[in-house]
Every structure is written in C-alpha cells, then in structure tokens.
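Novice: Here you go, entry.cif (mmCIF, C-alpha atoms):
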data_work
loop_
_atom_site.label_atom_id
_atom_site.label_comp_id
_atom_site.auth_asym_id
_atom_site.auth_seq_id
_atom_site.Cartn_x
_atom_site.Cartn_y
_atom_site.Cartn_z
CA MET S 159 -33.82 -28.11 -40.89
CA GLY S 160 -31.37 -30.98 -41.38
CA GLU S 161 -31.17 -31.79 -37.66
CA ASN S 162 -34.76 -33.09 -37.70
CA GLN S 163 -34.43 -35.22 -40.82
CA GLY S 164 -35.40 -38.78 -40.01
CA LEU S 165 -37.66 -37.66 -37.17
CA LEU S 166 -40.56 -39.24 -39.06
CA HIS S 167 -40.85 -42.34 -41.22
CA HIS S 168 -43.40 -43.11 -43.89
CA SER S 169 -44.68 -45.97 -41.73
CA ASP S 170 -45.33 -43.72 -38.71
CA ARG S 171 -48.81 -42.95 -37.45
CA VAL S 172 -49.53 -39.22 -37.25
CA VAL S 173 -52.31 -37.19 -35.62
CA MET S 174 -53.02 -33.71 -37.03
CA MET S 175 -54.89 -31.15 -34.92
CA GLY S 176 -55.78 -27.53 -35.50
CA SER S 177 -56.70 -25.13 -38.27
CA CYS S 178 -57.75 -26.10 -41.78
CA PHE S 179 -54.10 -26.15 -42.81
CA SER S 180 -54.00 -29.43 -40.86
CA ASP S 181 -56.57 -30.70 -43.36
CA ASN S 182 -54.33 -29.58 -46.25
CA ILE S 183 -51.20 -31.40 -45.05
CA GLY S 184 -53.26 -34.30 -43.69
CA ALA S 185 -54.73 -34.79 -47.18
CA LYS S 186 -51.19 -34.91 -48.58
CA MET S 187 -50.27 -37.60 -46.04
CA ARG S 188 -53.37 -39.62 -46.88
CA HIS S 189 -52.54 -39.38 -50.59
CA ALA S 190 -49.08 -40.71 -49.69
CA MET S 191 -50.83 -43.66 -47.96
CA MET S 192 -49.70 -42.70 -44.49
CA GLN S 193 -51.69 -43.65 -41.40
CA VAL S 194 -52.91 -40.21 -40.38
CA THR S 195 -55.77 -38.98 -38.22
CA VAL S 196 -56.87 -35.45 -39.11
CA ASN S 197 -58.89 -33.14 -36.85
CA PRO S 198 -61.12 -35.58 -34.96
CA PHE S 199 -63.05 -32.58 -33.58
CA GLY S 200 -63.13 -30.88 -36.94
CA THR S 201 -61.28 -27.64 -37.55
CA LEU S 202 -59.95 -25.90 -34.43
CA TYR S 203 -58.32 -22.49 -34.58
CA ASN S 204 -57.20 -21.08 -31.23
CA PRO S 205 -54.62 -22.71 -28.94
CA LEU S 206 -56.98 -22.85 -25.94
CA SER S 207 -59.54 -24.94 -27.84
CA ILE S 208 -56.85 -27.11 -29.42
CA ALA S 209 -55.24 -27.80 -26.04
CA SER S 210 -58.65 -28.59 -24.54
CA GLY S 211 -59.37 -31.01 -27.38
CA ILE S 212 -56.05 -32.82 -26.99
CA SER S 213 -56.60 -33.06 -23.23
CA ARG S 214 -60.01 -34.65 -23.86
CA LEU S 215 -58.46 -37.17 -26.23
CA VAL S 216 -55.71 -38.03 -23.73
CA THR S 217 -58.25 -38.77 -21.01
CA GLY S 218 -60.85 -40.18 -23.40
CA THR S 219 -63.53 -38.11 -21.68
CA PRO S 220 -66.82 -38.32 -23.63
CA ILE S 221 -69.11 -35.40 -24.40
CA ALA S 222 -72.03 -35.17 -21.97
CA GLY S 223 -75.49 -35.05 -23.50
CA ASN S 224 -76.51 -32.03 -21.43
CA THR S 225 -73.77 -29.93 -23.07
CA LEU S 226 -75.32 -30.24 -26.54
CA PHE S 227 -77.58 -27.45 -27.74
CA ALA S 228 -79.99 -27.07 -30.63
CA GLN S 229 -79.31 -24.39 -33.25
CA ASN S 230 -80.60 -24.09 -36.82
CA GLY S 231 -82.30 -27.48 -36.71
CA VAL S 232 -79.30 -29.53 -35.54
CA TRP S 233 -77.59 -30.44 -32.28
CA ASN S 234 -74.17 -28.93 -31.64
CA SER S 235 -71.27 -29.06 -29.22
CA TYR S 236 -69.01 -26.10 -28.54
CA ALA S 237 -66.10 -28.57 -28.59
CA PHE S 238 -66.81 -29.83 -32.14
CA HIS S 239 -67.03 -28.39 -35.61
CA SER S 240 -70.49 -28.26 -37.18
CA ARG S 241 -69.60 -31.10 -39.57
CA TYR S 242 -70.57 -33.46 -36.72
CA SER S 243 -73.92 -31.77 -35.98
CA LEU S 244 -77.03 -33.83 -36.79
CA ALA S 245 -80.79 -33.36 -36.46
CA ASP S 246 -81.05 -36.16 -33.88
CA LYS S 247 -79.48 -35.47 -30.48
CA GLN S 248 -78.50 -39.04 -29.60
CA SER S 249 -77.02 -39.63 -33.05
CA THR S 250 -74.97 -36.45 -32.68
CA LEU S 251 -73.73 -37.52 -29.25
CA ASP S 252 -72.88 -41.03 -30.45
CA ARG S 253 -71.02 -39.67 -33.46
CA MET S 254 -68.94 -37.26 -31.40
CA ASN S 255 -68.11 -39.78 -28.68
CA ASP S 256 -67.15 -42.38 -31.27
CA GLN S 257 -64.68 -39.84 -32.64
CA ILE S 258 -63.23 -39.29 -29.17
CA ALA S 259 -62.89 -43.02 -28.43
CA ARG S 260 -61.16 -43.78 -31.72
CA ALA S 261 -58.89 -40.73 -31.59
CA HIS S 262 -57.90 -41.59 -28.00
CA GLY S 263 -56.42 -44.86 -29.26
CA GLN S 264 -54.83 -43.19 -32.28
CA LEU S 265 -53.21 -40.54 -30.11
CA LYS S 266 -51.83 -43.21 -27.77
CA SER S 267 -50.17 -45.12 -30.61
CA CYS S 268 -49.06 -42.21 -32.82
CA HIS S 269 -45.45 -41.32 -33.51
CA ALA S 270 -46.12 -37.62 -33.98
CA LEU S 271 -48.73 -35.03 -33.04
CA VAL S 272 -48.75 -32.10 -35.46
CA VAL S 273 -50.52 -29.02 -34.06
CA THR S 274 -51.42 -26.12 -36.36
CA LEU S 275 -52.35 -22.89 -34.57
CA GLY S 276 -54.60 -20.56 -36.55
CA THR S 277 -55.42 -17.53 -34.43
CA ALA S 278 -54.90 -16.09 -30.95
CA VAL S 279 -58.42 -14.63 -30.98
CA VAL S 280 -60.76 -16.54 -28.65
CA TYR S 281 -64.51 -16.43 -28.11
CA ARG S 282 -66.00 -17.10 -24.67
CA LEU S 283 -69.63 -17.99 -24.05
CA LYS S 284 -70.79 -15.28 -21.67
CA SER S 285 -73.19 -17.56 -19.78
CA THR S 286 -70.49 -20.05 -18.77
CA GLY S 287 -67.12 -18.44 -19.51
CA GLN S 288 -66.23 -21.41 -21.74
CA VAL S 289 -63.85 -20.82 -24.65
CA VAL S 290 -65.63 -22.26 -27.67
CA ALA S 291 -64.06 -24.04 -30.61
CA ASN S 292 -66.93 -23.05 -32.91
CA CYS S 293 -69.71 -20.49 -32.50
CA HIS S 294 -72.20 -22.50 -34.64
CA LYS S 295 -73.86 -19.27 -35.85
CA VAL S 296 -75.14 -18.52 -32.35
CA PRO S 297 -75.77 -14.73 -32.13
CA GLN S 298 -72.53 -12.86 -31.50
CA HIS S 299 -73.89 -11.02 -28.46
CA GLU S 300 -73.75 -14.38 -26.63
CA PHE S 301 -69.94 -14.27 -26.74
CA SER S 302 -67.11 -12.07 -25.60
CA ARG S 303 -64.15 -11.81 -27.94
CA ARG S 304 -60.53 -11.07 -27.10
CA MET S 305 -57.00 -11.93 -28.09
CA ALA S 306 -55.35 -14.36 -25.70
CA ALA S 307 -52.17 -13.11 -24.03
CA VAL S 308 -48.84 -14.68 -24.99
CA ASP S 309 -48.19 -15.89 -21.43
CA GLU S 310 -51.67 -17.42 -21.25
CA MET S 311 -51.20 -19.33 -24.51
CA ALA S 312 -47.69 -20.44 -23.59
CA GLN S 313 -48.93 -21.80 -20.27
CA VAL S 314 -51.83 -23.68 -21.87
CA LEU S 315 -49.60 -25.18 -24.56
CA GLU S 316 -46.95 -26.08 -21.98
CA GLN S 317 -49.52 -27.98 -19.92
CA MET S 318 -50.81 -29.67 -23.07
CA VAL S 319 -47.43 -30.97 -24.23
CA GLN S 320 -46.57 -32.22 -20.75
CA GLU S 321 -49.90 -34.06 -20.47
CA PHE S 322 -49.48 -35.54 -23.93
CA HIS S 323 -45.85 -36.55 -23.29
CA HIS S 324 -46.88 -38.35 -20.12
CA PHE S 325 -49.61 -40.13 -22.12
CA ASN S 326 -47.38 -41.04 -25.08
CA SER S 327 -43.73 -40.54 -24.20
CA SER S 328 -42.38 -41.88 -27.50
CA ALA S 329 -44.18 -39.36 -29.72
CA GLN S 330 -42.90 -36.06 -31.07
CA VAL S 331 -44.92 -32.85 -31.02
CA ILE S 332 -44.55 -30.59 -34.06
CA PHE S 333 -46.08 -27.12 -33.86
CA THR S 334 -46.71 -24.84 -36.79
CA VAL S 335 -48.56 -21.57 -37.32
CA SER S 336 -51.13 -21.66 -40.10
CA PRO S 337 -50.27 -19.61 -43.21
CA ILE S 338 -53.97 -18.91 -43.69
CA ARG S 339 -54.69 -15.30 -42.75
CA HIS S 340 -57.68 -14.50 -40.52
CA ILE S 341 -58.56 -11.15 -42.06
CA ALA S 342 -62.18 -10.81 -40.88
CA ASP S 343 -60.91 -8.85 -37.88
CA GLY S 344 -58.48 -6.81 -39.96
CA LEU S 345 -54.93 -7.28 -41.20
CA ASP S 346 -53.50 -5.56 -38.12
CA VAL S 347 -55.24 -8.04 -35.78
CA ASN S 348 -54.13 -10.97 -37.93
CA SER S 349 -50.52 -9.78 -37.83
CA LEU S 350 -50.55 -9.38 -34.05
CA SER S 351 -52.31 -12.73 -33.65
CA LYS S 352 -49.74 -14.65 -35.70
CA ALA S 353 -46.86 -12.96 -33.92
CA SER S 354 -48.37 -13.81 -30.51
CA LEU S 355 -48.80 -17.45 -31.50
CA ARG S 356 -45.22 -17.63 -32.73
CA VAL S 357 -43.80 -16.22 -29.49
CA ALA S 358 -45.94 -18.51 -27.33
CA VAL S 359 -44.93 -21.60 -29.30
CA ASN S 360 -41.27 -20.65 -29.17
CA GLU S 361 -41.37 -20.73 -25.37
CA VAL S 362 -42.68 -24.30 -25.40
CA VAL S 363 -40.26 -25.49 -28.09
CA THR S 364 -37.33 -23.94 -26.22
CA ALA S 365 -38.40 -25.64 -22.97
CA HIS S 366 -38.71 -29.11 -24.54
CA PRO S 367 -36.22 -29.46 -27.42
CA ASP S 368 -36.07 -33.24 -27.04
CA PHE S 369 -39.66 -33.88 -28.10
CA VAL S 370 -41.12 -30.59 -29.34
CA ALA S 371 -40.25 -28.94 -32.67
CA TYR S 372 -41.48 -26.08 -34.82
CA PHE S 373 -42.14 -26.19 -38.57
CA PRO S 374 -42.32 -22.76 -40.28
CA SER S 375 -45.43 -23.07 -42.47
CA TYR S 376 -46.35 -19.43 -41.88
CA GLU S 377 -42.84 -18.18 -42.53
CA ILE S 378 -42.53 -20.18 -45.77
CA MET S 379 -45.77 -18.67 -47.03
CA MET S 380 -44.85 -15.13 -46.02
CA ASP S 381 -41.19 -15.19 -47.09
CA ASP S 382 -40.58 -17.89 -49.71
CA LEU S 383 -43.97 -17.55 -51.41
CA ARG S 384 -44.50 -13.82 -51.05
CA ASP S 385 -46.62 -13.38 -54.16
CA TYR S 386 -50.38 -13.45 -54.70
CA ARG S 387 -50.06 -16.14 -57.36
CA PHE S 388 -49.51 -18.54 -54.47
CA TYR S 389 -52.95 -17.76 -53.02
CA ALA S 390 -56.35 -19.13 -53.92
CA THR S 391 -58.92 -16.81 -55.51
CA ASP S 392 -60.04 -15.58 -52.06
CA MET S 393 -56.51 -14.19 -51.52
CA VAL S 394 -56.52 -15.76 -48.05
CA HIS S 395 -55.93 -19.50 -48.44
CA PRO S 396 -52.76 -20.94 -50.01
CA SER S 397 -53.13 -22.24 -53.55
CA GLU S 398 -52.58 -25.90 -54.39
CA VAL S 399 -49.10 -24.97 -55.62
CA ALA S 400 -48.31 -23.34 -52.26
CA VAL S 401 -49.65 -26.28 -50.25
CA GLU S 402 -47.54 -28.67 -52.36
CA TYR S 403 -44.47 -26.46 -51.84
CA ILE S 404 -44.94 -26.48 -48.06
CA TRP S 405 -45.60 -30.25 -48.11
CA GLN S 406 -42.31 -30.76 -49.95
CA ALA S 407 -40.56 -28.59 -47.36
CA PHE S 408 -42.17 -30.64 -44.57
CA GLN S 409 -40.88 -33.83 -46.16
CA ALA S 410 -37.38 -32.43 -46.54
CA THR S 411 -37.39 -31.37 -42.90
CA TYR S 412 -38.64 -34.53 -41.18
CA PHE S 413 -38.42 -37.56 -43.51
CA ASP S 414 -35.27 -39.45 -44.49
CA ASP S 415 -34.48 -40.34 -48.10
CA ARG S 416 -36.03 -43.81 -47.91
CA SER S 417 -39.32 -42.36 -46.65
CA ALA S 418 -39.26 -39.66 -49.33
CA GLN S 419 -38.90 -42.37 -51.97
CA ALA S 420 -41.79 -44.34 -50.47
CA ILE S 421 -43.96 -41.22 -50.38
CA ALA S 422 -43.23 -40.46 -54.04
CA ARG S 423 -44.02 -44.05 -55.00
CA CYS S 424 -47.30 -44.05 -53.06
CA GLU S 425 -48.32 -40.69 -54.50
CA ARG S 426 -47.93 -42.09 -58.02
CA VAL S 427 -50.06 -45.09 -57.11
CA GLY S 428 -52.57 -42.73 -55.48
CA LYS S 429 -52.95 -40.85 -58.76
CA ARG S 430 -53.62 -44.16 -60.50
CA LEU S 431 -56.32 -44.99 -57.96
CA GLN S 432 -58.02 -41.68 -58.70
CA HIS S 433 -57.86 -42.25 -62.46
CA ARG S 434 -60.84 -43.65 -64.32
CA PRO S 435 -60.09 -45.08 -67.81
CA MET S 436 -61.89 -43.10 -70.49
CA SER S 437 -63.18 -46.07 -72.42
CA ALA S 438 -66.54 -47.68 -73.01
CA SER S 439 -64.79 -51.00 -73.49
CA ARG S 440 -65.41 -53.33 -70.59
CA GLU S 441 -62.25 -55.22 -71.49
CA VAL S 442 -60.11 -52.05 -71.25
CA VAL S 443 -61.63 -51.11 -67.88
CA GLU S 444 -61.17 -54.61 -66.46
CA ARG S 445 -57.56 -54.74 -67.66
CA PHE S 446 -56.86 -51.35 -66.06
CA ASN S 447 -58.43 -52.48 -62.78
CA ALA S 448 -56.48 -55.74 -62.81
CA ASP S 449 -53.24 -53.86 -63.45
CA THR S 450 -54.07 -51.51 -60.57
CA GLN S 451 -54.60 -54.47 -58.24
CA ALA S 452 -51.23 -55.86 -59.30
CA VAL S 453 -49.58 -52.50 -58.62
CA LEU S 454 -51.11 -52.44 -55.13
CA ARG S 455 -49.98 -55.98 -54.35
CA ASN S 456 -46.44 -55.17 -55.46
CA LEU S 457 -46.48 -52.01 -53.36
CA LEU S 458 -47.58 -54.01 -50.33
CA LYS S 459 -44.76 -56.52 -50.87
CA GLU S 460 -42.24 -53.69 -50.92
CA TYR S 461 -43.79 -51.83 -47.96
CA PRO S 462 -45.59 -54.38 -45.73
CA TYR S 463 -46.49 -51.68 -43.20
CA LEU S 464 -48.99 -50.30 -45.74
CA GLU S 465 -51.32 -53.24 -45.13
CA PRO S 466 -53.83 -51.23 -42.99
CA VAL S 467 -54.08 -48.64 -45.78
CA ILE S 468 -54.04 -50.90 -48.83
CA ALA S 469 -56.16 -53.81 -47.55
CA SER S 470 -59.45 -52.03 -48.26
CA LYS S 471 -58.34 -51.23 -51.82
CA LEU S 472 -57.58 -54.85 -52.73
CA ASP S 473 -60.28 -57.17 -54.07
#
Render the structure in this file as structure tokens.

Specialist:
Amino acid sequence: MGENQGLLHHSDRVVMMGSCFSDNIGAKMRHAMMQVTVNPFGTLYNPLSIASGISRLVTGTPIAGNTLFAQNGVWNSYAFHSRYSLADKQSTLDRMNDQIARAHGQLKSCHALVVTLGTAVVYRLKSTGQVVANCHKVPQHEFSRRMAAVDEMAQVLEQMVQEFHHFNSSAQVIFTVSPIRHIADGLDVNSLSKASLRVAVNEVVTAHPDFVAYFPSYEIMMDDLRDYRFYATDMVHPSEVAVEYIWQAFQATYFDDRSAQAIARCERVGKRLQHRPMSASREVVERFNADTQAVLRNLLKEYPYLEPVIASKLD
C-alpha cells in the first residue's frame, strides 16, 4: 500500500462513480471538506453502465428527451437513478442534463476518478438491447438478465480508462469492488460476480500501472472485518464502524501525512458544524456561532484551498 501514499492530496478534486459504497466514502470526503463529486447519475452497479456513464460525461452528451419514459407517475431515464425522476418531463430532462454538464467540467478538472464496481449482473431492455443502469420498477419480463463475461467487462473498462485518460491525462483512476453483497440472486451468484469483477479489474490495472490502481474495499471487508458485528442490521451493508475502518485504510493508502492531518482537522470542524448548542439562551447560541465562524476563518487561513468549500459556511 505504501507505494501509492501521496497519490492524493486533501486539496485534490475527486469524482466518485459506482455503487452505493461510492456514496459512503464520498460522504467521508465531504465531511473532511474535500471537493468531491459523488455519483452524478445516482447509484450505478454494473461495469457496463458505469463505463457508459463516464463516457457520457467525457463527451458531455446530453440525454435526449425521446429516451425518457413515464413509469409510476414520473419520468425516468435508463441512464439515471430514480432520485432524478420528476413528474414533469421537461424538468426531469433539465435536471439530468444539468448534472451531465456540471459533472463534465468536474471530471475534466479532477485529480482522481474512483470507480466502485458493485455487480457483474446486467439487465438488458429486450426492446432495444440497451444495458440499463436502473430498472425503475418496470416489469421484469421487459428485461433479460445475465452475468457479464470477464473478457467483456475487461474490454469495456479498458476502453473507459483510455477514453478518460485521453480526456484528463493528469488524473488517476482508482478501482475498487464494493463490499456490499448483492444477495437477491443468491450467495453463489454474488460470489461469482465479485470474483469476475476482481479479475476484470486486475487486467486493466496490470495494463496501466502508471495511472490505474486498485483499492481492496471488498477484501478488507471479507478478510479484515470478517464478523457480522461489522454489518448493518440487514446483514448486507457495512456498518458505520466498517465504513470508517475502510475510510481510514483508504487514507493510509493514498494520502500523505500532511493530508491526513488536514483531514483530521477538517473532520473535527465538521462535527462542530453539525452540533447545535443545547441551550435556550440566545447569548450562548450566538457565542457558539461566532466561535464557529472564527474556527472556519482560521481553518481557511491554514488551508486556503478550502475556500470553495468553506465560503458558503461563512457569514
């Protein structure tokens, strides 16, 4: 792990794409006041959909209105998570295309793209053959389901990293396999799926060691944290303790000591920002708020690069 230390700095801009574990680590980065963009399409699980999403962001290609469809009272896109679906078609389209436009710029200027692969199982819309990122509760008979082959996934991911590297040659790509188990299809399918993802990613990492790396989220969860006390109550998702453990491992792998110190400092300030003084006294509340503003100003003096993050928090 030591060979990658210093690959990232606290001041770096990061884009996270993929499964909901991207949301977990992205939330940790936000709490540490990093400039991070997390899942502009919403949660994506399979490598084909993730690669397609990154390709769209590289080119900045907007969603066409005729690709939206109505389902359950809202308009949806098979490229986006349902969190972007609205009752009005034009509002949905505008919202999605605004995401693409902003993320295009963020991807161009980022220092690292972190891709979390969730499952090798893909769903294709039978009418078009399109691999969908989200089924949006459309009846299952409309889709065909299969596990993508290792060679197929490796080829798609290879094309994706080359396209991204041409677009932003100074950025690193960090792959990881999500520790969240997809057990709806059975534990045997989940095991085969994770193994297939790992082999496919290894081919890409081996081919591009200068700008592609692998972080072992899945392996840490399965080997270091091999106990059900590290799972949430659903016994599928990692607990907060497990997410924090993996976040600490991520820091130790990629950040130098100075960045680790900055992260710890910002996390402490972040806790203060979340705190609300338990007092009915207006004077106590105002003093606490004034002290918080002073803490933020001092933090900004020490780390001027935090200005885009802190500016909105200052009066």

Novice: Between S:Ser177, S:Thr217, S:Thr411, S:Asn197, single out the one closest to Glu321 of chain S, counting all atoms listed in the file.

Specialist: S:Thr217

Novice: At most 9 Å is the cut-off: for each residue in segment 250-286 of chain S with any atom that close to an atom of segment 219-234 of chain S, write down the nearest atom pair and the distance in Å rounded to one decimal, counting only C-alpha atoms, chain first then increasing number, as a Markdown table.

Specialist:
| residue | atom | partner | partner_atom | distance |
| --- | --- | --- | --- | --- |
| S:Thr250 | CA | S:Trp233 | CA | 6.6 |
| S:Leu251 | CA | S:Gly223 | CA | 6.5 |
| S:Met254 | CA | S:Ile221 | CA | 7.2 |
| S:Asn255 | CA | S:Pro220 | CA | 5.4 |
| S:Asp256 | CA | S:Pro220 | CA | 8.7 |
| S:Ile258 | CA | S:Pro220 | CA | 6.7 |
| S:Ala259 | CA | S:Pro220 | CA | 7.8 |

Novice: Just how far from atom CA of Asp392 of chain S is atom CA of Ala410 of chain S, in Å to one decimal?

Specialist: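 Between atom CA of Ala410 of chain S and atom CA of Asp392 of chain S the gap is 28.8 Å.
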
Novice: Using the chain letters and numbers from the file, give me the residues hit by the PyMOL selection byres ((chain S and resi 264) around 9), as a ChimeraX atom specification.

Specialist: /S:171-173,194-195,259-263,265-268

Novice: Apply the PyMOL selection byres ((chain S and resi 469) around 12) to the file shown and report the selected residues as a compact mmCIF listing (two decimals) with C-alpha atoms, keeping the file's coordinate frame.

Specialist:
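Below you can see part_20.txt, which holds the result:
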# COMPACT_ATOMS: atom_id res chain seq x y z
CA MET S 191 -50.83 -43.66 -47.96
CA GLN S 451 -54.60 -54.47 -58.24
CA LEU S 454 -51.11 -52.44 -55.13
CA ARG S 455 -49.98 -55.98 -54.35
CA LEU S 457 -46.48 -52.01 -53.36
CA LEU S 458 -47.58 -54.01 -50.33
CA PRO S 462 -45.59 -54.38 -45.73
CA TYR S 463 -46.49 -51.68 -43.20
CA LEU S 464 -48.99 -50.30 -45.74
CA GLU S 465 -51.32 -53.24 -45.13
CA PRO S 466 -53.83 -51.23 -42.99
CA VAL S 467 -54.08 -48.64 -45.78
CA ILE S 468 -54.04 -50.90 -48.83
CA SER S 470 -59.45 -52.03 -48.26
CA LYS S 471 -58.34 -51.23 -51.82
CA LEU S 472 -57.58 -54.85 -52.73
CA ASP S 473 -60.28 -57.17 -54.07

Novice: Between S:Val359, S:Ala291, S:Leu165, S:Ala245, which residue has the minimum interatomic distance to Ala270 of chain S, considering only C-alpha atoms?

Specialist: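 Selected residue with least distance to Ala270 of chain S: S:Leu165.
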
Novice: Evaluate the PyMOL selection byres ((chain S and resi 178) around 12) on the structure here and hand back the selected residues as a ChimeraX atom specification.

Specialist: /S:174-177,179-185,196-197,199-204,239,273-277,335-340,395-396,401

Novice: Give me a file of those residues, with C-alpha atoms, as an mmCIF file, in the coordinates of the input.

Specialist:
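Done, and the output landed in result_21.cif:
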data_model
loop_
_atom_site.group_PDB
_atom_site.id
_atom_site.type_symbol
_atom_site.label_atom_id
_atom_site.label_comp_id
_atom_site.auth_asym_id
_atom_site.auth_seq_id
_atom_site.Cartn_x
_atom_site.Cartn_y
_atom_site.Cartn_z
ATOM 1 C CA MET S 174 -53.020 -33.710 -37.030
ATOM 2 C CA MET S 175 -54.890 -31.150 -34.920
ATOM 3 C CA GLY S 176 -55.780 -27.530 -35.500
ATOM 4 C CA SER S 177 -56.700 -25.130 -38.270
ATOM 5 C CA PHE S 179 -54.100 -26.150 -42.810
ATOM 6 C CA SER S 180 -54.000 -29.430 -40.860
ATOM 7 C CA ASP S 181 -56.570 -30.700 -43.360
ATOM 8 C CA ASN S 182 -54.330 -29.580 -46.250
ATOM 9 C CA ILE S 183 -51.200 -31.400 -45.050
ATOM 10 C CA GLY S 184 -53.260 -34.300 -43.690
ATOM 11 C CA ALA S 185 -54.730 -34.790 -47.180
ATOM 12 C CA VAL S 196 -56.870 -35.450 -39.110
ATOM 13 C CA ASN S 197 -58.890 -33.140 -36.850
ATOM 14 C CA PHE S 199 -63.050 -32.580 -33.580
ATOM 15 C CA GLY S 200 -63.130 -30.880 -36.940
ATOM 16 C CA THR S 201 -61.280 -27.640 -37.550
ATOM 17 C CA LEU S 202 -59.950 -25.900 -34.430
ATOM 18 C CA TYR S 203 -58.320 -22.490 -34.580
ATOM 19 C CA ASN S 204 -57.200 -21.080 -31.230
ATOM 20 C CA HIS S 239 -67.030 -28.390 -35.610
ATOM 21 C CA VAL S 273 -50.520 -29.020 -34.060
ATOM 22 C CA THR S 274 -51.420 -26.120 -36.360
ATOM 23 C CA LEU S 275 -52.350 -22.890 -34.570
ATOM 24 C CA GLY S 276 -54.600 -20.560 -36.550
ATOM 25 C CA THR S 277 -55.420 -17.530 -34.430
ATOM 26 C CA VAL S 335 -48.560 -21.570 -37.320
ATOM 27 C CA SER S 336 -51.130 -21.660 -40.100
ATOM 28 C CA PRO S 337 -50.270 -19.610 -43.210
ATOM 29 C CA ILE S 338 -53.970 -18.910 -43.690
ATOM 30 C CA ARG S 339 -54.690 -15.300 -42.750
ATOM 31 C CA HIS S 340 -57.680 -14.500 -40.520
ATOM 32 C CA HIS S 395 -55.930 -19.500 -48.440
ATOM 33 C CA PRO S 396 -52.760 -20.940 -50.010
ATOM 34 C CA VAL S 401 -49.650 -26.280 -50.250
#

Novice: Could you list, as a list in words, every residue within 9 Å of Phe413 of chain S, counting only C-alpha atoms and ignoring same-chain residues fewer than 2 positions away?

Specialist: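 Residues near the query, excluding close chain neighbours: Asn162, Gln163, Gly164, Leu165, Leu166, His167, His168, Phe408, Gln409, Ala410, Thr411, Asp415, Arg416, Ser417 and Ala418 of chain S.
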
Novice: Rounded to one decimal, what separation in Å do you get between atom CA of Arg188 of chain S and atom CA of Glu161 of chain S?

Specialist: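 Atom CA of Arg188 of chain S sits 25.3 Å away from atom CA of Glu161 of chain S.
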
Novice: Which polymer residues have any atom within 9 Å of an atom of Glu310 of chain S, counting all atoms listed in the file, with same-chain residues fewer than 4 positions away left out, as a PyMOL selection string?

Specialist: chain S and resi 206+306+314-315+358

Novice: The residues within 7 Å of (-65.9, -22.0, -30.1), using only C-alpha atoms and the coordinates of the file, should be reported as an MDAnalysis selection string; which are they?

Specialist: chainID S and resid 236:237 281 289:293

Novice: Using only C-alpha atoms, which residue out of S:Val362, S:Met318, S:Leu431, S:Ile341 lies closest to Ser207 of chain S?

Specialist: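 Of S:Val362, S:Met318, S:Leu431, S:Ile341, the one nearest Ser207 of chain S, counting only C-alpha atoms, is S:Met318.
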
Novice: Nearest residue to Glu361 of chain S out of S:Ala329, S:Glu316, S:Tyr412, S:Thr450, using only C-alpha atoms?

Specialist: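 With only C-alpha atoms as the atom set, the closest residue is S:Glu316.
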
Novice: Counting all atoms listed in the file, which residue out of S:Met380, S:Ile404, S:Met192, S:Met311 sits closest to Gly428 of chain S?

Specialist: S:Met192
